[in-house]
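Undergrad: Compact mmCIF, N, CA and C atoms, saved as final21.txt, coming up:
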```
# COMPACT_ATOMS: atom_id res chain seq x y z
N MET F 3 6.89 -12.91 5.48
CA MET F 3 6.19 -13.18 4.24
C MET F 3 5.94 -11.84 3.53
N VAL F 4 6.23 -11.78 2.24
CA VAL F 4 6.02 -10.58 1.42
C VAL F 4 4.78 -10.79 0.55
N VAL F 5 3.85 -9.81 0.64
CA VAL F 5 2.59 -9.88 -0.10
C VAL F 5 2.26 -8.51 -0.66
N PRO F 6 1.38 -8.43 -1.66
CA PRO F 6 0.90 -7.13 -2.12
C PRO F 6 0.09 -6.46 -1.01
N LEU F 7 0.16 -5.15 -0.94
CA LEU F 7 -0.53 -4.38 0.09
C LEU F 7 -2.02 -4.71 0.16
N ASN F 8 -2.65 -4.95 -0.99
CA ASN F 8 -4.09 -5.22 -0.99
C ASN F 8 -4.44 -6.55 -0.33
N CYS F 9 -3.45 -7.38 0.01
CA CYS F 9 -3.71 -8.65 0.69
C CYS F 9 -3.78 -8.50 2.21
N LEU F 10 -3.37 -7.34 2.74
CA LEU F 10 -3.45 -7.13 4.18
C LEU F 10 -4.92 -7.00 4.59
N SER F 11 -5.23 -7.51 5.75
CA SER F 11 -6.56 -7.39 6.34
C SER F 11 -6.56 -6.18 7.28
N PRO F 12 -7.73 -5.63 7.58
CA PRO F 12 -7.78 -4.52 8.53
C PRO F 12 -7.09 -4.90 9.84
N GLY F 13 -6.22 -4.00 10.30
CA GLY F 13 -5.46 -4.24 11.52
C GLY F 13 -4.08 -4.81 11.27
N GLN F 14 -3.83 -5.34 10.06
CA GLN F 14 -2.51 -5.88 9.74
C GLN F 14 -1.58 -4.75 9.33
N GLU F 15 -0.31 -4.93 9.70
CA GLU F 15 0.71 -3.93 9.39
C GLU F 15 1.82 -4.58 8.59
N GLY F 16 2.43 -3.79 7.72
CA GLY F 16 3.53 -4.28 6.93
C GLY F 16 4.58 -3.21 6.73
N SER F 17 5.75 -3.64 6.32
CA SER F 17 6.84 -2.73 5.98
C SER F 17 7.06 -2.83 4.48
N ILE F 18 7.02 -1.70 3.81
CA ILE F 18 7.15 -1.71 2.35
C ILE F 18 8.55 -2.12 1.94
N VAL F 19 8.64 -3.13 1.07
CA VAL F 19 9.93 -3.61 0.60
C VAL F 19 10.20 -3.22 -0.86
N TRP F 20 9.14 -3.03 -1.64
CA TRP F 20 9.35 -2.73 -3.05
C TRP F 20 8.07 -2.20 -3.66
N ILE F 21 8.22 -1.29 -4.60
CA ILE F 21 7.08 -0.81 -5.39
C ILE F 21 7.29 -1.33 -6.81
N ALA F 22 6.43 -2.24 -7.24
CA ALA F 22 6.56 -2.89 -8.55
C ALA F 22 5.74 -2.13 -9.59
N ALA F 23 6.16 -0.91 -9.88
CA ALA F 23 5.39 -0.05 -10.79
C ALA F 23 6.33 0.73 -11.70
N GLU F 24 5.75 1.30 -12.73
CA GLU F 24 6.50 2.19 -13.61
C GLU F 24 7.04 3.37 -12.80
N PRO F 25 8.15 3.98 -13.21
CA PRO F 25 8.76 5.06 -12.43
C PRO F 25 7.81 6.21 -12.05
N ASP F 26 6.95 6.65 -12.97
CA ASP F 26 6.01 7.74 -12.64
C ASP F 26 5.02 7.32 -11.56
N HIS F 27 4.52 6.11 -11.66
CA HIS F 27 3.57 5.60 -10.68
C HIS F 27 4.27 5.41 -9.33
N GLU F 28 5.48 4.88 -9.36
CA GLU F 28 6.27 4.69 -8.14
C GLU F 28 6.53 6.04 -7.46
N ARG F 29 6.87 7.04 -8.23
CA ARG F 29 7.15 8.38 -7.70
C ARG F 29 5.89 8.98 -7.07
N ARG F 30 4.75 8.79 -7.72
CA ARG F 30 3.49 9.32 -7.19
C ARG F 30 3.14 8.66 -5.85
N LEU F 31 3.34 7.35 -5.74
CA LEU F 31 3.09 6.66 -4.47
C LEU F 31 4.07 7.12 -3.39
N ALA F 32 5.33 7.32 -3.76
CA ALA F 32 6.34 7.79 -2.80
C ALA F 32 6.00 9.18 -2.28
N GLU F 33 5.46 10.03 -3.15
CA GLU F 33 5.11 11.40 -2.74
C GLU F 33 4.05 11.42 -1.64
N ILE F 34 3.20 10.41 -1.59
CA ILE F 34 2.17 10.39 -0.55
C ILE F 34 2.56 9.50 0.63
N GLY F 35 3.78 8.96 0.64
CA GLY F 35 4.26 8.22 1.80
C GLY F 35 4.44 6.73 1.63
N PHE F 36 4.26 6.21 0.43
CA PHE F 36 4.44 4.79 0.18
C PHE F 36 5.78 4.56 -0.49
N SER F 37 6.82 4.32 0.32
CA SER F 37 8.15 4.07 -0.22
C SER F 37 8.82 2.98 0.61
N PRO F 38 9.81 2.28 0.03
CA PRO F 38 10.47 1.19 0.74
C PRO F 38 10.98 1.63 2.12
N GLY F 39 10.76 0.76 3.10
CA GLY F 39 11.18 1.03 4.47
C GLY F 39 10.08 1.61 5.34
N CYS F 40 9.05 2.17 4.74
CA CYS F 40 7.96 2.78 5.51
C CYS F 40 7.00 1.69 6.01
N SER F 41 6.42 1.94 7.17
CA SER F 41 5.39 1.06 7.71
C SER F 41 4.03 1.51 7.19
N VAL F 42 3.16 0.55 6.96
CA VAL F 42 1.81 0.85 6.48
C VAL F 42 0.83 -0.07 7.21
N LEU F 43 -0.28 0.50 7.63
CA LEU F 43 -1.31 -0.23 8.36
C LEU F 43 -2.59 -0.21 7.56
N CYS F 44 -3.20 -1.38 7.39
CA CYS F 44 -4.50 -1.47 6.71
C CYS F 44 -5.58 -1.10 7.71
N LEU F 45 -6.34 -0.06 7.41
CA LEU F 45 -7.40 0.40 8.31
C LEU F 45 -8.76 -0.16 7.93
N MET F 46 -9.03 -0.21 6.64
CA MET F 46 -10.36 -0.63 6.18
C MET F 46 -10.26 -1.16 4.75
N LYS F 47 -10.97 -2.24 4.47
CA LYS F 47 -11.00 -2.80 3.12
C LYS F 47 -12.33 -2.45 2.46
N GLY F 48 -12.24 -1.95 1.25
CA GLY F 48 -13.44 -1.69 0.48
C GLY F 48 -13.87 -2.96 -0.24
N PRO F 49 -15.03 -2.94 -0.89
CA PRO F 49 -15.46 -4.09 -1.68
C PRO F 49 -14.44 -4.38 -2.78
N LYS F 50 -14.40 -5.59 -3.25
CA LYS F 50 -13.44 -6.01 -4.29
C LYS F 50 -13.39 -5.00 -5.42
N GLY F 51 -12.18 -4.54 -5.73
CA GLY F 51 -11.98 -3.60 -6.83
C GLY F 51 -12.16 -2.14 -6.44
N ARG F 52 -12.56 -1.89 -5.20
CA ARG F 52 -12.78 -0.53 -4.73
C ARG F 52 -11.62 -0.05 -3.87
N MET F 53 -11.76 1.13 -3.31
CA MET F 53 -10.70 1.71 -2.48
C MET F 53 -10.68 1.10 -1.09
N SER F 54 -9.46 1.02 -0.53
CA SER F 54 -9.25 0.61 0.85
C SER F 54 -8.46 1.72 1.53
N ALA F 55 -8.53 1.78 2.86
CA ALA F 55 -7.85 2.83 3.61
C ALA F 55 -6.59 2.28 4.28
N TYR F 56 -5.50 3.02 4.13
CA TYR F 56 -4.21 2.64 4.70
C TYR F 56 -3.61 3.84 5.41
N MET F 57 -2.86 3.58 6.50
CA MET F 57 -2.13 4.64 7.17
C MET F 57 -0.65 4.45 6.88
N ALA F 58 -0.02 5.48 6.35
CA ALA F 58 1.40 5.48 6.06
C ALA F 58 1.94 6.85 6.41
N ASP F 59 3.08 6.88 7.06
CA ASP F 59 3.71 8.16 7.40
C ASP F 59 2.74 9.06 8.17
N GLU F 60 2.00 8.46 9.11
CA GLU F 60 1.06 9.16 9.99
C GLU F 60 -0.10 9.85 9.26
N SER F 61 -0.36 9.46 8.03
CA SER F 61 -1.48 10.00 7.26
C SER F 61 -2.31 8.84 6.73
N VAL F 62 -3.59 9.09 6.52
CA VAL F 62 -4.50 8.06 6.01
C VAL F 62 -4.78 8.33 4.53
N PHE F 63 -4.70 7.27 3.73
CA PHE F 63 -4.90 7.38 2.29
C PHE F 63 -5.85 6.30 1.81
N GLY F 64 -6.60 6.61 0.79
CA GLY F 64 -7.42 5.61 0.10
C GLY F 64 -6.69 5.21 -1.17
N LEU F 65 -6.50 3.92 -1.35
CA LEU F 65 -5.85 3.42 -2.57
C LEU F 65 -6.80 2.46 -3.28
N ARG F 66 -6.84 2.57 -4.60
CA ARG F 66 -7.58 1.59 -5.39
C ARG F 66 -6.83 0.26 -5.32
N GLU F 67 -7.57 -0.81 -5.51
CA GLU F 67 -6.97 -2.14 -5.43
C GLU F 67 -5.79 -2.27 -6.41
N LYS F 68 -5.95 -1.74 -7.63
CA LYS F 68 -4.88 -1.88 -8.63
C LYS F 68 -3.62 -1.12 -8.21
N ASP F 69 -3.76 -0.03 -7.43
CA ASP F 69 -2.59 0.69 -6.94
C ASP F 69 -1.96 -0.05 -5.76
N ALA F 70 -2.78 -0.60 -4.89
CA ALA F 70 -2.28 -1.33 -3.73
C ALA F 70 -1.57 -2.63 -4.14
N GLN F 71 -1.92 -3.19 -5.29
CA GLN F 71 -1.31 -4.44 -5.75
C GLN F 71 0.17 -4.29 -6.07
N VAL F 72 0.62 -3.09 -6.40
CA VAL F 72 2.02 -2.91 -6.80
C VAL F 72 2.92 -2.58 -5.62
N VAL F 73 2.32 -2.38 -4.44
CA VAL F 73 3.10 -2.08 -3.23
C VAL F 73 3.31 -3.41 -2.49
N LEU F 74 4.55 -3.89 -2.46
CA LEU F 74 4.85 -5.16 -1.81
C LEU F 74 5.34 -4.91 -0.40
N VAL F 75 4.72 -5.60 0.56
CA VAL F 75 5.04 -5.38 1.97
C VAL F 75 5.42 -6.68 2.66
N LYS F 76 6.31 -6.55 3.67
CA LYS F 76 6.63 -7.66 4.54
C LYS F 76 5.69 -7.55 5.73
N VAL F 77 4.89 -8.57 5.97
CA VAL F 77 3.89 -8.54 7.03
C VAL F 77 4.59 -8.50 8.38
N ILE F 78 4.21 -7.51 9.21
CA ILE F 78 4.79 -7.37 10.54
C ILE F 78 3.88 -8.05 11.57
N ARG F 79 2.60 -7.75 11.48
CA ARG F 79 1.62 -8.35 12.41
C ARG F 79 0.28 -8.43 11.74
```
What's the C-alpha cells form of this structure?
TA:
Amino acid sequence: MVVPLNCLSPGQEGSIVWIAAEPDHERRLAEIGFSPGCSVLCLMKGPKGRMSAYMADESVFGLREKDAQVVLVKVIR
C-alpha cells in the first residue's frame, strides 16, 4: 500500500516511491535523505499540522506535515 509519509504511525517503516513536489522542493528533500528507494521510519508524530520525526539514511529529521504529505511511501511494516 502506498501512502503519504505523514500517514505512517510511530514504528511504521516505508520505502519512498515518489516525491510529489516541485523540483526545488524535491531536490531539498533529496539532499537530506528523502529520495525514491530509501527507507524511512516514523519515530514520533507531532500534533496535527506540526513536525514529526523520521529516520532516513541513518539520520533523524523533523518534517512539517505539509512536507511529509508529498513523500509517498510503500508501507513495509
Undergrad: Taking into account all atoms listed in the file, which residue in the set F:Gly64, F:Val75, F:Leu10, F:Arg29 is nearest to Cys44 of chain F?
TA: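 Among the listed residues, F:Leu10 lies closest to Cys44 of chain F.
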Undergrad: Let me make sure I understand: among F:Pro38, F:Val4, F:Arg66, F:Trp20, which one has the smallest atom-to-atom distance to Gly51 of chain F if we use only C-alpha atoms?
TA: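 Using only C-alpha atoms, the shortest distance to Gly51 of chain F belongs to F:Arg66.
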Undergrad: I'd like to know which residues of segment 11-51 of chain F are strand (DSSP E) (by DSSP, run on the backbone); could you write them as a PDB file with N, CA and C atoms, keeping the file's coordinate frame?
TA:
```
ATOM      1  N   GLU F  15      -0.310  -4.930   9.700  1.00  0.00           N
ATOM      2  CA  GLU F  15       0.710  -3.930   9.390  1.00  0.00           C
ATOM      3  C   GLU F  15       1.820  -4.580   8.590  1.00  0.00           C
ATOM      4  N   GLY F  16       2.430  -3.790   7.720  1.00  0.00           N
ATOM      5  CA  GLY F  16       3.530  -4.280   6.930  1.00  0.00           C
ATOM      6  C   GLY F  16       4.580  -3.210   6.730  1.00  0.00           C
ATOM      7  N   SER F  17       5.750  -3.640   6.320  1.00  0.00           N
ATOM      8  CA  SER F  17       6.840  -2.730   5.980  1.00  0.00           C
ATOM      9  C   SER F  17       7.060  -2.830   4.480  1.00  0.00           C
ATOM     10  N   ILE F  18       7.020  -1.700   3.810  1.00  0.00           N
ATOM     11  CA  ILE F  18       7.150  -1.710   2.350  1.00  0.00           C
ATOM     12  C   ILE F  18       8.550  -2.120   1.940  1.00  0.00           C
ATOM     13  N   VAL F  19       8.640  -3.130   1.070  1.00  0.00           N
ATOM     14  CA  VAL F  19       9.930  -3.610   0.600  1.00  0.00           C
ATOM     15  C   VAL F  19      10.200  -3.220  -0.860  1.00  0.00           C
ATOM     16  N   TRP F  20       9.140  -3.030  -1.640  1.00  0.00           N
ATOM     17  CA  TRP F  20       9.350  -2.730  -3.050  1.00  0.00           C
ATOM     18  C   TRP F  20       8.070  -2.200  -3.660  1.00  0.00           C
ATOM     19  N   ILE F  21       8.220  -1.290  -4.600  1.00  0.00           N
ATOM     20  CA  ILE F  21       7.080  -0.810  -5.390  1.00  0.00           C
ATOM     21  C   ILE F  21       7.290  -1.330  -6.810  1.00  0.00           C
ATOM     22  N   SER F  41       6.420   1.940   7.170  1.00  0.00           N
ATOM     23  CA  SER F  41       5.390   1.060   7.710  1.00  0.00           C
ATOM     24  C   SER F  41       4.030   1.510   7.190  1.00  0.00           C
ATOM     25  N   VAL F  42       3.160   0.550   6.960  1.00  0.00           N
ATOM     26  CA  VAL F  42       1.810   0.850   6.480  1.00  0.00           C
ATOM     27  C   VAL F  42       0.830  -0.070   7.210  1.00  0.00           C
ATOM     28  N   LEU F  43      -0.280   0.500   7.630  1.00  0.00           N
ATOM     29  CA  LEU F  43      -1.310  -0.230   8.360  1.00  0.00           C
ATOM     30  C   LEU F  43      -2.590  -0.210   7.560  1.00  0.00           C
ATOM     31  N   CYS F  44      -3.200  -1.380   7.390  1.00  0.00           N
ATOM     32  CA  CYS F  44      -4.500  -1.470   6.710  1.00  0.00           C
ATOM     33  C   CYS F  44      -5.580  -1.100   7.710  1.00  0.00           C
ATOM     34  N   LEU F  45      -6.340  -0.060   7.410  1.00  0.00           N
ATOM     35  CA  LEU F  45      -7.400   0.400   8.310  1.00  0.00           C
ATOM     36  C   LEU F  45      -8.760  -0.160   7.930  1.00  0.00           C
ATOM     37  N   MET F  46      -9.030  -0.210   6.640  1.00  0.00           N
ATOM     38  CA  MET F  46     -10.360  -0.630   6.180  1.00  0.00           C
ATOM     39  C   MET F  46     -10.260  -1.160   4.750  1.00  0.00           C
TER      40      MET F  46
END
```
Undergrad: For atom CA of Leu31 of chain F and atom C of Leu7 of chain F, quote the distance in Å rounded to one decimal.
TA: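 These atoms are spaced 13.3 Å apart.
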Undergrad: Kindly list the centre and edge lengths in Å, rounded to one decimal, for the axis-aligned box that covers all listed atoms of segment 20-27 of chain F plus 3 Å on each of its six sides, as lines of an AutoDock Vina configuration file.
TA:
```
center_x = 6.5
center_y = 2.4
center_z = -7.6
size_x = 11.8
size_y = 16.8
size_z = 18.0
```
Undergrad: Considering only C-alpha atoms, can you say which of F:Ser54, F:Lys47, F:Asn8, F:Asp59 comes closest to Ala32 of chain F?
TA: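 For Ala32 of chain F, the nearest of the given residues is F:Asp59.
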Undergrad: May I ask which of the residues F:Arg79, F:Lys68, F:His27, F:Lys50 is the closest one to Glu15 of chain F, counting all atoms listed in the file?
TA: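 Ranking F:Arg79, F:Lys68, F:His27, F:Lys50 by distance to Glu15 of chain F, first place goes to F:Arg79.
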Undergrad: Quick one: distance from atom CA of Gln71 of chain F to atom CA of Cys9 of chain F in Å, one decimal?
TA: 8.1 Å
Undergrad: Would you please work out which residue, of F:Pro25, F:Val19, F:Val77, F:Arg52, is nearest to Ser37 of chain F when using all atoms listed in the file?
TA: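 Among the listed residues, F:Val19 lies closest to Ser37 of chain F.
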Undergrad: I'd like the contact shell of Ala58 of chain F - 6 Å cut-off, all atoms listed in the file, skipping same-chain residues fewer than 5 positions apart - returned as a list in words.
TA: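 The residues satisfying every condition are Gly35, Ser41, Val42, Leu43 and Phe63 of chain F.
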Undergrad: Give the helix (DSSP H, G or I) residues of chain F, as DSSP finds them on the backbone, and put them as a ChimeraX atom specification.
TA: /F:7-9,25-33,67-70
Undergrad: Pick from F:Met3, F:Ile34, F:Cys40, F:Met46: nearest to Gly16 of chain F, with all atoms listed in the file counted?
TA: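 Using all atoms listed in the file, Gly16 of chain F sits closest to F:Cys40.
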Undergrad: What gap, in Å, lies between atom N of Leu45 of chain F and atom CA of Asp26 of chain F?
TA: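 According to the coordinates, atom N of Leu45 of chain F and atom CA of Asp26 of chain F are separated by 24.8 Å.
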Undergrad: Using the structure block above, produce a file of segment 35-48 of chain F that contains N, CA, C and O atoms, as a PDB file, in the first residue's frame.
TA:
```pdb
ATOM      1  N   GLY F  35      18.097  13.238   2.448  1.00  0.00           N
ATOM      2  CA  GLY F  35      17.945  11.788   2.516  1.00  0.00           C
ATOM      3  C   GLY F  35      16.603  11.225   2.133  1.00  0.00           C
ATOM      4  O   GLY F  35      16.382  10.022   2.241  1.00  0.00           O
ATOM      5  N   PHE F  36      15.687  12.057   1.675  1.00  0.00           N
ATOM      6  CA  PHE F  36      14.366  11.584   1.267  1.00  0.00           C
ATOM      7  C   PHE F  36      14.308  11.500  -0.250  1.00  0.00           C
ATOM      8  O   PHE F  36      13.974  12.473  -0.928  1.00  0.00           O
ATOM      9  N   SER F  37      14.649  10.325  -0.791  1.00  0.00           N
ATOM     10  CA  SER F  37      14.613  10.128  -2.237  1.00  0.00           C
ATOM     11  C   SER F  37      14.092   8.727  -2.532  1.00  0.00           C
ATOM     12  O   SER F  37      14.167   7.835  -1.676  1.00  0.00           O
ATOM     13  N   PRO F  38      13.542   8.510  -3.737  1.00  0.00           N
ATOM     14  CA  PRO F  38      12.979   7.202  -4.080  1.00  0.00           C
ATOM     15  C   PRO F  38      13.978   6.067  -3.828  1.00  0.00           C
ATOM     16  O   PRO F  38      15.161   6.182  -4.113  1.00  0.00           O
ATOM     17  N   GLY F  39      13.452   4.988  -3.239  1.00  0.00           N
ATOM     18  CA  GLY F  39      14.264   3.821  -2.932  1.00  0.00           C
ATOM     19  C   GLY F  39      14.778   3.792  -1.497  1.00  0.00           C
ATOM     20  O   GLY F  39      15.154   2.734  -0.996  1.00  0.00           O
ATOM     21  N   CYS F  40      14.799   4.929  -0.840  1.00  0.00           N
ATOM     22  CA  CYS F  40      15.297   4.997   0.545  1.00  0.00           C
ATOM     23  C   CYS F  40      14.219   4.517   1.520  1.00  0.00           C
ATOM     24  O   CYS F  40      13.037   4.715   1.300  1.00  0.00           O
ATOM     25  N   SER F  41      14.669   3.903   2.603  1.00  0.00           N
ATOM     26  CA  SER F  41      13.765   3.507   3.678  1.00  0.00           C
ATOM     27  C   SER F  41      13.620   4.659   4.655  1.00  0.00           C
ATOM     28  O   SER F  41      14.575   5.405   4.884  1.00  0.00           O
ATOM     29  N   VAL F  42      12.440   4.786   5.217  1.00  0.00           N
ATOM     30  CA  VAL F  42      12.178   5.841   6.197  1.00  0.00           C
ATOM     31  C   VAL F  42      11.319   5.255   7.315  1.00  0.00           C
ATOM     32  O   VAL F  42      10.409   4.465   7.062  1.00  0.00           O
ATOM     33  N   LEU F  43      11.658   5.602   8.542  1.00  0.00           N
ATOM     34  CA  LEU F  43      10.968   5.105   9.720  1.00  0.00           C
ATOM     35  C   LEU F  43      10.354   6.280  10.463  1.00  0.00           C
ATOM     36  O   LEU F  43      11.026   7.283  10.708  1.00  0.00           O
ATOM     37  N   CYS F  44       9.076   6.165  10.808  1.00  0.00           N
ATOM     38  CA  CYS F  44       8.414   7.197  11.605  1.00  0.00           C
ATOM     39  C   CYS F  44       8.780   6.969  13.064  1.00  0.00           C
ATOM     40  O   CYS F  44       8.533   5.893  13.610  1.00  0.00           O
ATOM     41  N   LEU F  45       9.402   7.959  13.679  1.00  0.00           N
ATOM     42  CA  LEU F  45       9.820   7.844  15.075  1.00  0.00           C
ATOM     43  C   LEU F  45       8.817   8.459  16.036  1.00  0.00           C
ATOM     44  O   LEU F  45       8.559   7.912  17.108  1.00  0.00           O
ATOM     45  N   MET F  46       8.264   9.597  15.653  1.00  0.00           N
ATOM     46  CA  MET F  46       7.365  10.325  16.551  1.00  0.00           C
ATOM     47  C   MET F  46       6.444  11.224  15.730  1.00  0.00           C
ATOM     48  O   MET F  46       6.874  11.833  14.757  1.00  0.00           O
ATOM     49  N   LYS F  47       5.181  11.281  16.123  1.00  0.00           N
ATOM     50  CA  LYS F  47       4.224  12.155  15.451  1.00  0.00           C
ATOM     51  C   LYS F  47       3.948  13.366  16.332  1.00  0.00           C
ATOM     52  O   LYS F  47       3.675  13.226  17.520  1.00  0.00           O
ATOM     53  N   GLY F  48       4.025  14.528  15.726  1.00  0.00           N
ATOM     54  CA  GLY F  48       3.670  15.744  16.429  1.00  0.00           C
ATOM     55  C   GLY F  48       2.169  15.972  16.339  1.00  0.00           C
ATOM     56  O   GLY F  48       1.467  15.269  15.613  1.00  0.00           O
TER      57      GLY F  48
END
```
